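**Q** See coords20.tsv below, with TSV, C-alpha atoms.
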chain	number	residue	atom	x	y	z
A	699	MET	CA	91.18	102.10	70.35
A	700	ALA	CA	90.47	105.56	71.72
A	701	THR	CA	89.76	106.80	68.20
A	702	THR	CA	86.73	104.57	67.61
A	703	PRO	CA	83.47	105.83	69.11
A	704	ALA	CA	83.28	102.63	71.18
A	705	GLY	CA	86.78	103.25	72.53
A	706	GLU	CA	85.86	106.82	73.33
A	707	GLY	CA	82.80	105.74	75.26
A	708	ARG	CA	84.86	103.28	77.22
A	709	GLN	CA	87.53	105.85	78.00
A	710	ARG	CA	84.94	108.37	79.07
A	711	ILE	CA	83.43	105.88	81.51
A	712	LEU	CA	86.86	105.06	82.93
A	713	ALA	CA	87.68	108.76	83.39
A	714	VAL	CA	84.40	109.54	85.15
A	715	ALA	CA	84.66	106.41	87.31
A	716	GLU	CA	88.20	107.33	88.36
A	717	GLU	CA	87.11	110.81	89.35
A	718	LEU	CA	84.12	109.61	91.36
A	719	PHE	CA	85.97	106.72	93.03
A	720	THR	CA	88.86	108.96	94.00
A	721	GLU	CA	86.57	111.63	95.37
A	722	ARG	CA	84.11	109.53	97.31
A	723	GLY	CA	85.42	105.99	97.54
A	724	TYR	CA	84.53	102.70	95.91
A	725	GLN	CA	81.65	101.73	98.19
A	726	ALA	CA	79.89	105.08	98.07
A	727	VAL	CA	79.76	105.36	94.27
A	728	SER	CA	77.12	103.41	92.34
A	729	ILE	CA	77.14	102.23	88.74
A	730	ARG	CA	74.11	104.42	88.25
A	731	GLU	CA	75.96	107.56	89.30
A	732	ILE	CA	78.86	106.74	87.01
A	733	ALA	CA	76.43	106.21	84.13
A	734	GLN	CA	74.73	109.51	84.92
A	735	GLY	CA	78.12	111.26	85.08
A	736	CYS	CA	78.83	109.98	81.55
A	737	ALA	CA	75.29	110.73	80.33
A	738	VAL	CA	74.79	107.11	79.30
A	739	THR	CA	72.27	104.49	80.43
A	740	ASN	CA	73.14	101.81	82.98
A	741	ALA	CA	72.76	99.27	80.16
A	742	ALA	CA	75.35	101.11	78.04
A	743	LEU	CA	77.77	101.07	80.95
A	744	TYR	CA	77.20	97.35	81.59
A	745	TYR	CA	77.90	96.76	77.91
A	746	TYR	CA	81.51	97.80	78.52
A	747	PHE	CA	81.92	96.70	82.13
A	748	PRO	CA	79.97	93.73	83.49
A	749	SER	CA	80.31	94.89	87.12
A	750	LYS	CA	81.55	97.70	89.32
A	751	ALA	CA	84.42	95.44	90.42
A	752	VAL	CA	85.62	95.00	86.83
A	753	LEU	CA	85.33	98.73	86.19
A	754	PHE	CA	87.30	99.43	89.35
A	755	ASP	CA	90.03	97.00	88.29
A	756	GLU	CA	90.40	98.74	84.96
A	757	VAL	CA	90.47	102.18	86.56
A	758	MET	CA	93.31	101.04	88.78
A	759	GLU	CA	95.19	99.40	85.95
A	760	GLN	CA	94.96	102.42	83.72
A	761	HIS	CA	96.01	104.70	86.54
A	762	ALA	CA	99.07	102.56	87.20
A	763	GLU	CA	99.99	102.45	83.50
A	764	ARG	CA	99.72	106.21	83.19
A	765	LEU	CA	101.92	106.85	86.20
A	766	ASN	CA	104.35	104.19	85.02
A	767	ALA	CA	104.68	105.87	81.61
A	768	ARG	CA	105.18	109.30	83.20
A	769	MET	CA	107.94	107.96	85.43
A	770	ARG	CA	109.72	106.26	82.54
A	771	ARG	CA	109.52	109.38	80.38
A	772	ALA	CA	110.91	111.56	83.17
A	773	GLY	CA	113.73	109.08	83.74
A	774	GLU	CA	114.94	109.30	80.14
A	775	LYS	CA	116.44	112.77	80.46
A	776	PRO	CA	119.02	112.70	83.27
A	777	SER	CA	122.31	110.96	82.65
A	778	THR	CA	123.14	109.54	86.09
A	779	TYR	CA	121.19	106.74	87.76
A	780	ARG	CA	120.72	108.82	90.85
A	781	ALA	CA	119.27	111.78	88.92
A	782	LYS	CA	117.00	109.41	86.99
A	783	VAL	CA	115.69	107.95	90.23
A	784	GLU	CA	115.14	111.45	91.59
A	785	VAL	CA	113.05	112.76	88.69
A	786	MET	CA	111.05	109.54	88.55
A	787	LEU	CA	110.28	109.85	92.23
A	788	VAL	CA	109.20	113.47	91.73
A	789	GLU	CA	106.63	112.24	89.19
A	790	TYR	CA	105.45	109.60	91.60
A	791	ALA	CA	105.20	112.09	94.46
A	792	LYS	CA	103.16	114.55	92.39
A	793	VAL	CA	100.41	111.99	92.07
A	794	VAL	CA	100.47	110.39	95.47
A	795	ALA	CA	101.47	113.23	97.80
A	796	ASP	CA	98.01	114.74	97.79
A	797	GLN	CA	96.43	111.33	98.17
A	798	CYS	CA	94.53	112.24	95.03
A	799	SER	CA	95.29	108.84	93.56
A	800	PRO	CA	92.71	106.03	93.48
A	801	PHE	CA	95.41	103.93	95.15
A	802	PHE	CA	94.51	105.54	98.43
A	803	LEU	CA	90.90	104.64	98.14
A	804	MET	CA	91.94	101.09	97.50
A	805	LEU	CA	94.07	101.15	100.62
A	806	ARG	CA	91.29	102.73	102.68
A	807	GLU	CA	88.57	100.41	101.49
A	808	SER	CA	90.49	97.22	100.95
A	809	HIS	CA	89.06	95.70	104.16
A	810	MET	CA	85.55	96.23	102.80
A	811	LEU	CA	86.07	94.78	99.32
A	812	SER	CA	85.04	91.24	98.60
A	813	ASP	CA	87.64	88.73	97.51
A	814	ILE	CA	86.66	89.13	93.89
A	815	GLU	CA	86.99	92.89	94.05
A	816	LYS	CA	90.37	92.71	95.69
A	817	ARG	CA	91.70	89.65	93.90
A	818	ASN	CA	94.68	91.79	93.09
A	819	PRO	CA	94.44	94.87	95.20
A	820	TRP	CA	98.15	95.45	95.53
A	821	GLY	CA	100.35	92.83	93.95
A	822	ASN	CA	100.37	93.59	90.24
A	823	LEU	CA	99.61	97.25	90.68
A	824	ILE	CA	102.36	97.93	93.17
A	825	HIS	CA	104.65	95.89	90.99
A	826	ALA	CA	103.75	98.00	87.93
A	827	LEU	CA	104.45	101.19	89.85
A	828	LEU	CA	107.77	100.01	91.23
A	829	LEU	CA	109.05	98.63	87.95
A	830	PRO	CA	110.36	101.84	86.33
A	831	LEU	CA	112.39	102.67	89.45
A	832	GLU	CA	113.40	99.07	89.93
A	833	ASP	CA	114.81	98.89	86.39
A	834	VAL	CA	117.01	101.95	86.85
A	835	MET	CA	118.25	100.76	90.22
A	836	GLN	CA	119.01	97.36	88.78
A	837	GLN	CA	121.18	99.05	86.14
A	838	ALA	CA	122.94	100.98	88.92
A	839	VAL	CA	123.64	97.65	90.63
A	840	GLN	CA	124.99	96.13	87.42
A	841	ASN	CA	127.27	99.14	87.03
A	842	ASP	CA	128.57	98.76	90.57
A	843	GLU	CA	127.07	101.96	91.82
A	844	LEU	CA	124.59	100.36	94.19
A	845	GLN	CA	124.78	97.19	96.25
A	846	PRO	CA	122.46	94.37	95.27
A	847	LEU	CA	119.83	93.50	97.88
A	848	PRO	CA	119.05	89.91	98.90
A	849	ASP	CA	116.06	88.12	97.38
A	850	GLY	CA	112.77	89.32	98.78
A	851	TYR	CA	113.78	92.98	98.88
A	852	SER	CA	113.00	95.74	96.43
A	853	PRO	CA	115.12	98.91	96.55
A	854	ALA	CA	112.25	100.78	94.85
A	855	ALA	CA	109.76	99.68	97.53
A	856	LEU	CA	112.11	100.77	100.31
A	857	LEU	CA	112.77	104.13	98.66
A	858	ILE	CA	109.09	104.83	98.02
A	859	GLY	CA	108.31	103.81	101.60
A	860	MET	CA	110.86	106.34	102.83
A	861	LEU	CA	109.26	109.03	100.70
A	862	HIS	CA	105.82	108.22	102.11
A	863	GLY	CA	107.30	108.47	105.62
A	864	GLN	CA	108.46	112.00	104.83
A	865	ILE	CA	105.20	113.02	103.09
A	866	GLN	CA	103.16	111.81	106.05
A	867	TYR	CA	105.44	113.39	108.63
A	868	ARG	CA	105.34	116.74	106.84
A	869	LYS	CA	101.59	116.67	106.59
A	870	ALA	CA	100.71	115.26	110.00
A	871	CYS	CA	103.36	116.74	112.25
A	872	LEU	CA	104.22	119.98	110.47
A	873	GLY	CA	101.02	120.68	108.55
A	874	ARG	CA	103.01	121.33	105.39
A	875	SER	CA	103.02	119.52	102.09
A	876	PHE	CA	106.01	117.89	100.46
A	877	THR	CA	108.40	119.65	98.07
A	878	ASN	CA	110.84	118.40	95.48
A	879	LYS	CA	113.58	119.11	98.02
A	880	ASP	CA	112.09	116.32	100.14
A	881	VAL	CA	112.49	113.92	97.24
A	882	GLU	CA	116.10	115.02	96.83
A	883	LEU	CA	116.92	114.42	100.49
A	884	VAL	CA	115.20	111.04	100.54
A	885	VAL	CA	117.16	109.87	97.48
A	886	THR	CA	120.43	111.15	98.95
A	887	LEU	CA	119.79	109.40	102.25
A	888	PHE	CA	118.85	106.18	100.52
A	889	TRP	CA	121.96	106.30	98.36
A	890	GLU	CA	124.45	107.44	100.97
A	891	GLY	CA	122.98	106.46	104.32
A	892	LEU	CA	122.85	108.54	107.46
A	893	LYS	CA	126.11	107.40	109.00
A	894	VAL	CA	128.84	109.94	109.60
A	895	ARG	CA	131.96	108.85	107.68
B	833	MET	CA	93.51	104.75	138.48
B	834	ALA	CA	93.07	101.21	137.20
B	835	THR	CA	92.72	99.98	140.77
B	836	THR	CA	89.51	101.89	141.55
B	837	PRO	CA	86.27	100.30	140.30
B	838	ALA	CA	85.61	103.47	138.26
B	839	GLY	CA	89.05	103.21	136.65
B	840	GLU	CA	88.47	99.54	135.94
B	841	GLY	CA	85.16	100.29	134.23
B	842	ARG	CA	86.83	102.93	132.13
B	843	GLN	CA	89.68	100.62	131.17
B	844	ARG	CA	87.28	97.84	130.27
B	845	ILE	CA	85.35	100.16	127.94
B	846	LEU	CA	88.57	101.31	126.29
B	847	ALA	CA	89.72	97.72	125.77
B	848	VAL	CA	86.42	96.58	124.25
B	849	ALA	CA	86.21	99.71	122.08
B	850	GLU	CA	89.74	99.15	120.77
B	851	GLU	CA	88.93	95.57	119.88
B	852	LEU	CA	85.70	96.44	118.08
B	853	PHE	CA	87.11	99.49	116.28
B	854	THR	CA	90.14	97.56	115.09
B	855	GLU	CA	88.05	94.65	113.90
B	856	ARG	CA	85.26	96.48	112.14
B	857	GLY	CA	86.18	100.15	111.83
B	858	TYR	CA	85.08	103.33	113.51
B	859	GLN	CA	81.97	104.00	111.44
B	860	ALA	CA	80.57	100.49	111.68
B	861	VAL	CA	80.72	100.20	115.48
B	862	SER	CA	78.05	101.89	117.61
B	863	ILE	CA	78.23	103.10	121.19
B	864	ARG	CA	75.47	100.61	121.90
B	865	GLU	CA	77.57	97.67	120.70
B	866	ILE	CA	80.51	98.81	122.80
B	867	ALA	CA	78.24	99.10	125.84
B	868	GLN	CA	76.85	95.62	125.16
B	869	GLY	CA	80.37	94.25	124.76
B	870	CYS	CA	81.20	95.62	128.23
B	871	ALA	CA	77.86	94.52	129.70
B	872	VAL	CA	77.05	98.06	130.78
B	873	THR	CA	74.22	100.42	129.83
B	874	ASN	CA	74.62	103.15	127.23
B	875	ALA	CA	74.21	105.66	130.07
B	876	ALA	CA	77.11	104.11	131.98
B	877	LEU	CA	79.28	104.37	128.91
B	878	TYR	CA	78.30	108.00	128.35
B	879	TYR	CA	79.20	108.68	131.98
B	880	TYR	CA	82.85	108.03	131.07
B	881	PHE	CA	82.87	109.12	127.45
B	882	PRO	CA	80.54	111.88	126.25
B	883	SER	CA	80.72	110.74	122.61
B	884	LYS	CA	82.08	108.05	120.32
B	885	ALA	CA	84.61	110.59	119.02
B	886	VAL	CA	86.02	111.18	122.51
B	887	LEU	CA	86.16	107.44	123.16
B	888	PHE	CA	87.97	106.91	119.86
B	889	ASP	CA	90.50	109.62	120.73
B	890	GLU	CA	91.28	107.94	124.02
B	891	VAL	CA	91.59	104.52	122.41
B	892	MET	CA	94.14	105.93	119.98
B	893	GLU	CA	96.04	107.79	122.67
B	894	GLN	CA	96.26	104.77	124.92
B	895	HIS	CA	97.36	102.58	122.03
B	896	ALA	CA	100.14	105.03	121.15
B	897	GLU	CA	101.28	105.28	124.78
B	898	ARG	CA	101.43	101.50	125.11
B	899	LEU	CA	103.47	101.07	121.94
B	900	ASN	CA	105.67	103.97	122.95
B	901	ALA	CA	106.40	102.37	126.34
B	902	ARG	CA	107.15	99.00	124.71
B	903	MET	CA	109.60	100.60	122.31
B	904	ARG	CA	111.38	102.50	125.08
B	905	ARG	CA	111.65	99.39	127.25
B	906	ALA	CA	113.08	97.37	124.36
B	907	GLY	CA	115.57	100.14	123.61
B	908	GLU	CA	117.03	100.07	127.13
B	909	LYS	CA	118.88	96.79	126.71
B	910	PRO	CA	121.25	97.10	123.73
B	911	SER	CA	124.36	99.19	124.14
B	912	THR	CA	124.80	100.68	120.64
B	913	TYR	CA	122.44	103.24	119.11
B	914	ARG	CA	122.00	101.09	116.07
B	915	ALA	CA	121.02	98.02	118.08
B	916	LYS	CA	118.64	100.13	120.17
B	917	VAL	CA	116.95	101.42	117.02
B	918	GLU	CA	116.69	97.88	115.68
B	919	VAL	CA	114.97	96.37	118.72
B	920	MET	CA	112.65	99.35	119.00
B	921	LEU	CA	111.66	98.94	115.37
B	922	VAL	CA	111.02	95.22	115.93
B	923	GLU	CA	108.52	96.18	118.65
B	924	TYR	CA	106.88	98.67	116.32
B	925	ALA	CA	106.70	96.16	113.48
B	926	LYS	CA	105.09	93.50	115.67
B	927	VAL	CA	102.10	95.75	116.18
B	928	VAL	CA	101.77	97.34	112.78
B	929	ALA	CA	102.89	94.62	110.39
B	930	ASP	CA	99.61	92.77	110.64
B	931	GLN	CA	97.66	96.00	110.38
B	932	CYS	CA	96.08	94.90	113.64
B	933	SER	CA	96.57	98.34	115.07
B	934	PRO	CA	93.73	100.85	115.34
B	935	PHE	CA	96.07	103.23	113.50
B	936	PHE	CA	95.12	101.51	110.31
B	937	LEU	CA	91.45	102.03	110.84
B	938	MET	CA	92.17	105.70	111.41
B	939	LEU	CA	94.10	105.84	108.16
B	940	ARG	CA	91.36	104.02	106.28
B	941	GLU	CA	88.52	106.03	107.67
B	942	SER	CA	90.14	109.41	108.10
B	943	HIS	CA	88.35	110.76	105.02
B	944	MET	CA	85.01	109.88	106.58
B	945	LEU	CA	85.58	111.36	110.02
B	946	SER	CA	84.24	114.80	110.81
B	947	ASP	CA	86.64	117.59	111.71
B	948	ILE	CA	85.95	117.11	115.41
B	949	GLU	CA	86.69	113.42	115.22
B	950	LYS	CA	89.91	113.97	113.32
B	951	ARG	CA	91.02	117.14	115.02
B	952	ASN	CA	94.25	115.37	115.59
B	953	PRO	CA	94.16	112.19	113.60
B	954	TRP	CA	97.86	111.98	112.98
B	955	GLY	CA	99.89	114.82	114.39
B	956	ASN	CA	100.24	114.08	118.10
B	957	LEU	CA	99.84	110.35	117.66
B	958	ILE	CA	102.48	109.95	114.99
B	959	HIS	CA	104.68	112.22	117.01
B	960	ALA	CA	104.21	110.05	120.12
B	961	LEU	CA	105.11	106.93	118.14
B	962	LEU	CA	108.17	108.46	116.55
B	963	LEU	CA	109.52	109.97	119.74
B	964	PRO	CA	111.27	106.93	121.27
B	965	LEU	CA	113.16	106.31	118.01
B	966	GLU	CA	113.75	110.01	117.48
B	967	ASP	CA	115.36	110.36	120.92
B	968	VAL	CA	117.84	107.54	120.32
B	969	MET	CA	118.71	108.85	116.87
B	970	GLN	CA	119.20	112.33	118.28
B	971	GLN	CA	121.70	110.88	120.76
B	972	ALA	CA	123.49	109.15	117.87
B	973	VAL	CA	123.70	112.53	116.12
B	974	GLN	CA	125.09	114.20	119.25
B	975	ASN	CA	127.70	111.48	119.46
B	976	ASP	CA	128.73	111.98	115.85
B	977	GLU	CA	127.52	108.61	114.69
B	978	LEU	CA	124.70	109.92	112.49
B	979	GLN	CA	124.40	113.09	110.45
B	980	PRO	CA	121.85	115.64	111.59
B	981	LEU	CA	118.97	116.20	109.16
B	982	PRO	CA	117.75	119.69	108.20
B	983	ASP	CA	114.68	121.16	109.93
B	984	GLY	CA	111.46	119.59	108.73
B	985	TYR	CA	112.85	116.06	108.57
B	986	SER	CA	112.55	113.24	111.05
B	987	PRO	CA	114.97	110.32	110.79
B	988	ALA	CA	112.45	108.16	112.65
B	989	ALA	CA	109.68	108.98	110.15
B	990	LEU	CA	111.95	108.12	107.21
B	991	LEU	CA	113.09	104.87	108.80
B	992	ILE	CA	109.55	103.79	109.69
B	993	GLY	CA	108.43	104.69	106.17
B	994	MET	CA	111.14	102.46	104.76
B	995	LEU	CA	109.99	99.60	106.99
B	996	HIS	CA	106.40	100.03	105.80
B	997	GLY	CA	107.65	99.94	102.22
B	998	GLN	CA	109.23	96.57	102.92
B	999	ILE	CA	106.24	95.20	104.85
B	1000	GLN	CA	103.87	96.17	102.05
B	1001	TYR	CA	106.13	94.82	99.31
B	1002	ARG	CA	106.49	91.49	101.09
B	1003	LYS	CA	102.79	91.18	101.60
B	1004	ALA	CA	101.53	92.48	98.26
B	1005	CYS	CA	104.16	91.28	95.82
B	1006	LEU	CA	105.48	88.17	97.53
B	1007	GLY	CA	102.51	87.12	99.65
B	1008	ARG	CA	104.78	86.70	102.66
B	1009	SER	CA	104.83	88.49	105.97
B	1010	PHE	CA	107.72	90.45	107.41
B	1011	THR	CA	110.45	88.97	109.62
B	1012	ASN	CA	112.92	90.48	112.06
B	1013	LYS	CA	115.53	90.06	109.34
B	1014	ASP	CA	113.62	92.68	107.33
B	1015	VAL	CA	113.94	95.11	110.20
B	1016	GLU	CA	117.67	94.40	110.37
B	1017	LEU	CA	118.18	95.09	106.67
B	1018	VAL	CA	116.10	98.25	106.75
B	1019	VAL	CA	118.13	99.64	109.67
B	1020	THR	CA	121.41	98.72	107.98
B	1021	LEU	CA	120.37	100.39	104.73
B	1022	PHE	CA	119.19	103.48	106.54
B	1023	TRP	CA	122.43	103.71	108.50
B	1024	GLU	CA	124.85	102.85	105.70
B	1025	GLY	CA	123.07	103.65	102.46
B	1026	LEU	CA	122.96	101.55	99.34
B	1027	LYS	CA	125.96	103.03	97.59
B	1028	VAL	CA	128.91	100.81	96.80
B	1029	ARG	CA	132.00	102.26	98.50
For the file at hand, write its structure as structure tokens.

**A**
Amino acid sequence: MATTPAGEGRQRILAVAEELFTERGYQAVSIREIAQGCAVTNAALYYYFPSKAVLFDEVMEQHAERLNARMRRAGEKPSTYRAKVEVMLVEYAKVVADQCSPFFLMLRESHMLSDIEKRNPWGNLIHALLLPLEDVMQQAVQNDELQPLPDGYSPAALLIGMLHGQIQYRKACLGRSFTNKDVELVVTLFWEGLKVR
Amino acid sequence: MATTPAGEGRQRILAVAEELFTERGYQAVSIREIAQGCAVTNAALYYYFPSKAVLFDEVMEQHAERLNARMRRAGEKPSTYRAKVEVMLVEYAKVVADQCSPFFLMLRESHMLSDIEKRNPWGNLIHALLLPLEDVMQQAVQNDELQPLPDGYSPAALLIGMLHGQIQYRKACLGRSFTNKDVELVVTLFWEGLKVR
């Protein structure tokens, strides 16, 4: 698709929209500015995307797919489940630690979006992001390395939550940004627990 | 302070401001609306709070202190460290799980606040929230129940992060809200780890 001129135009719009949304937020960016940023007319932009909400949806989807693919690729190399989880989480952290992901704008602005715009603000997207980690952890459960969790719990969601706790603490309370060592400690704690044995 | 008429006026303004900020966000609410909500003049409001930024700061501080006190009170009853941590986290979750806390508006709008308004958007406040949990966990470390973490890590921040991971997963992927059972599982996992022994 990206090799046809039409596909290229579409991709270009998505890339510019992602940059502008991430930088300034969904509300603040107009279709007109995105069109100007791509050097196309508003009409050309509407040809590909009927509304800003649809464009936003596709930006988010593509972003999630890209991160998903990066995590899966990273996870192919290591041989243990734990090392796989660690390198996948490093990929995740690279994108989200600086809050340079459009996910954060979605979080920030979700209270301002209409129901149509947020018809799936988190569900599918979070699910897509968790899935690579979830798959590896599921294999670790099947191989008796990790305990299964009851229905309604996702080990990947808990682990990523823990990482966000550390990223935020570092930034807010210590004024420092996260390192790969943080990811290592979070994975170890999640795997082993904090209890003295 | 709350017994003097002046203190009462101040408290009333803080309460109305917290309600309006939480409902509609910092940017969207004007000093004038807050004054109207308290049935006082703008001048009366400015007598207590020189600017919206100062008022916002005090709203956040008071909110943190209140939650902090609730967590500490809850933690007095149970006899084990683990049970203390669990009841304290239940108190925390009650406030934050619905995102009905002004903390969320701060998170959402932090990119829009000026440097003066966000001179301490997270640091002291997060610290104040973590402290009750941190103290109990520190005692558990001193009594050889938990491992100490290296400098730059906060067990309370990691645990709260994990809880947020679960709250968000429940809400976004399952469309359900959190229960006290979630808190229980998160504390168990944090304490014991997920590894099969």

**Q** Please identify all residues of chain B having at least one atom at most 6 Å from any atom of chain A, considering only C-alpha atoms, and return them as a VMD selection string.

**A** chain B and resid 940 954 to 955 977 to 979 989 to 990 993 to 994 996 to 998 1004 to 1005 1022 to 1028

**Q** Near range 749-754 of chain A, within 9 Å and counting only C-alpha atoms, which residues show up once chain neighbours fewer than 3 positions away are dropped, as a PyMOL selection string?

**A** chain A and resi 711-712+715-716+719+724+728-729+744+746+757-759+814-816

**Q** Please save C-alpha atoms of the selected residues as a JSON list (two decimals), keeping the file's coordinate frame.

**A**
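Final output, saved to out-v3.json:
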[["chain", "number", "residue", "atom", "x", "y", "z"],
["A", 711, "ILE", "CA", 83.43, 105.88, 81.51],
["A", 712, "LEU", "CA", 86.86, 105.06, 82.93],
["A", 715, "ALA", "CA", 84.66, 106.41, 87.31],
["A", 716, "GLU", "CA", 88.20, 107.33, 88.36],
["A", 719, "PHE", "CA", 85.97, 106.72, 93.03],
["A", 724, "TYR", "CA", 84.53, 102.70, 95.91],
["A", 728, "SER", "CA", 77.12, 103.41, 92.34],
["A", 729, "ILE", "CA", 77.14, 102.23, 88.74],
["A", 744, "TYR", "CA", 77.20, 97.35, 81.59],
["A", 746, "TYR", "CA", 81.51, 97.80, 78.52],
["A", 757, "VAL", "CA", 90.47, 102.18, 86.56],
["A", 758, "MET", "CA", 93.31, 101.04, 88.78],
["A", 759, "GLU", "CA", 95.19, 99.40, 85.95],
["A", 814, "ILE", "CA", 86.66, 89.13, 93.89],
["A", 815, "GLU", "CA", 86.99, 92.89, 94.05],
["A", 816, "LYS", "CA", 90.37, 92.71, 95.69]]

**Q** With all atoms listed in the file as the counted atoms, please give the residues lying no more than 12 Å from Lys792 in chain A, apart from itself and same-chain residues fewer than 2 positions off, as a PyMOL selection string.

**A** chain A and resi 765+768-769+785-790+794-799+861-862+865+875-878+880-881

**Q** Rounded to one decimal, what separation in Å do you get between CA of Ala781 in chain A and CA of Asp983 in chain B?

**A**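 Atom-to-atom, CA of Ala781 in chain A to CA of Asp983 in chain B, that is 23.5 Å.
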
**Q** So the first atom is CA of Ala741 in chain A and the second is CA of Gln725 in chain A; what is the distance between them in Å, to one decimal place?

**A** 20.3 Å

**Q** Distance CA of Gly707 in chain A-CA of Ala737 in chain A, one decimal place?

**A**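 Taking CA of Gly707 in chain A as the start and CA of Ala737 in chain A as the end point, the length is 10.3 Å.
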
**Q** Which of these residues is nearest to His895 in chain B, using only C-alpha atoms: B:Met969, B:Lys1013, B:Glu851, B:Gly839?

**A** B:Glu851

**Q** Considering all atoms listed in the file, return as an mmCIF file with C-alpha atoms, in the frame of the given file whatever protein or nucleic-acid residues lie within 8 Å of Glu897 in chain B, sequence-local ones (same chain, fewer than 3 positions apart) excluded.

**A**
data_model
loop_
_atom_site.group_PDB
_atom_site.id
_atom_site.type_symbol
_atom_site.label_atom_id
_atom_site.label_comp_id
_atom_site.auth_asym_id
_atom_site.auth_seq_id
_atom_site.Cartn_x
_atom_site.Cartn_y
_atom_site.Cartn_z
ATOM 1 C CA GLU B 893 96.040 107.790 122.670
ATOM 2 C CA GLN B 894 96.260 104.770 124.920
ATOM 3 C CA ASN B 900 105.670 103.970 122.950
ATOM 4 C CA ALA B 901 106.400 102.370 126.340
ATOM 5 C CA ALA B 960 104.210 110.050 120.120
ATOM 6 C CA LEU B 961 105.110 106.930 118.140
#
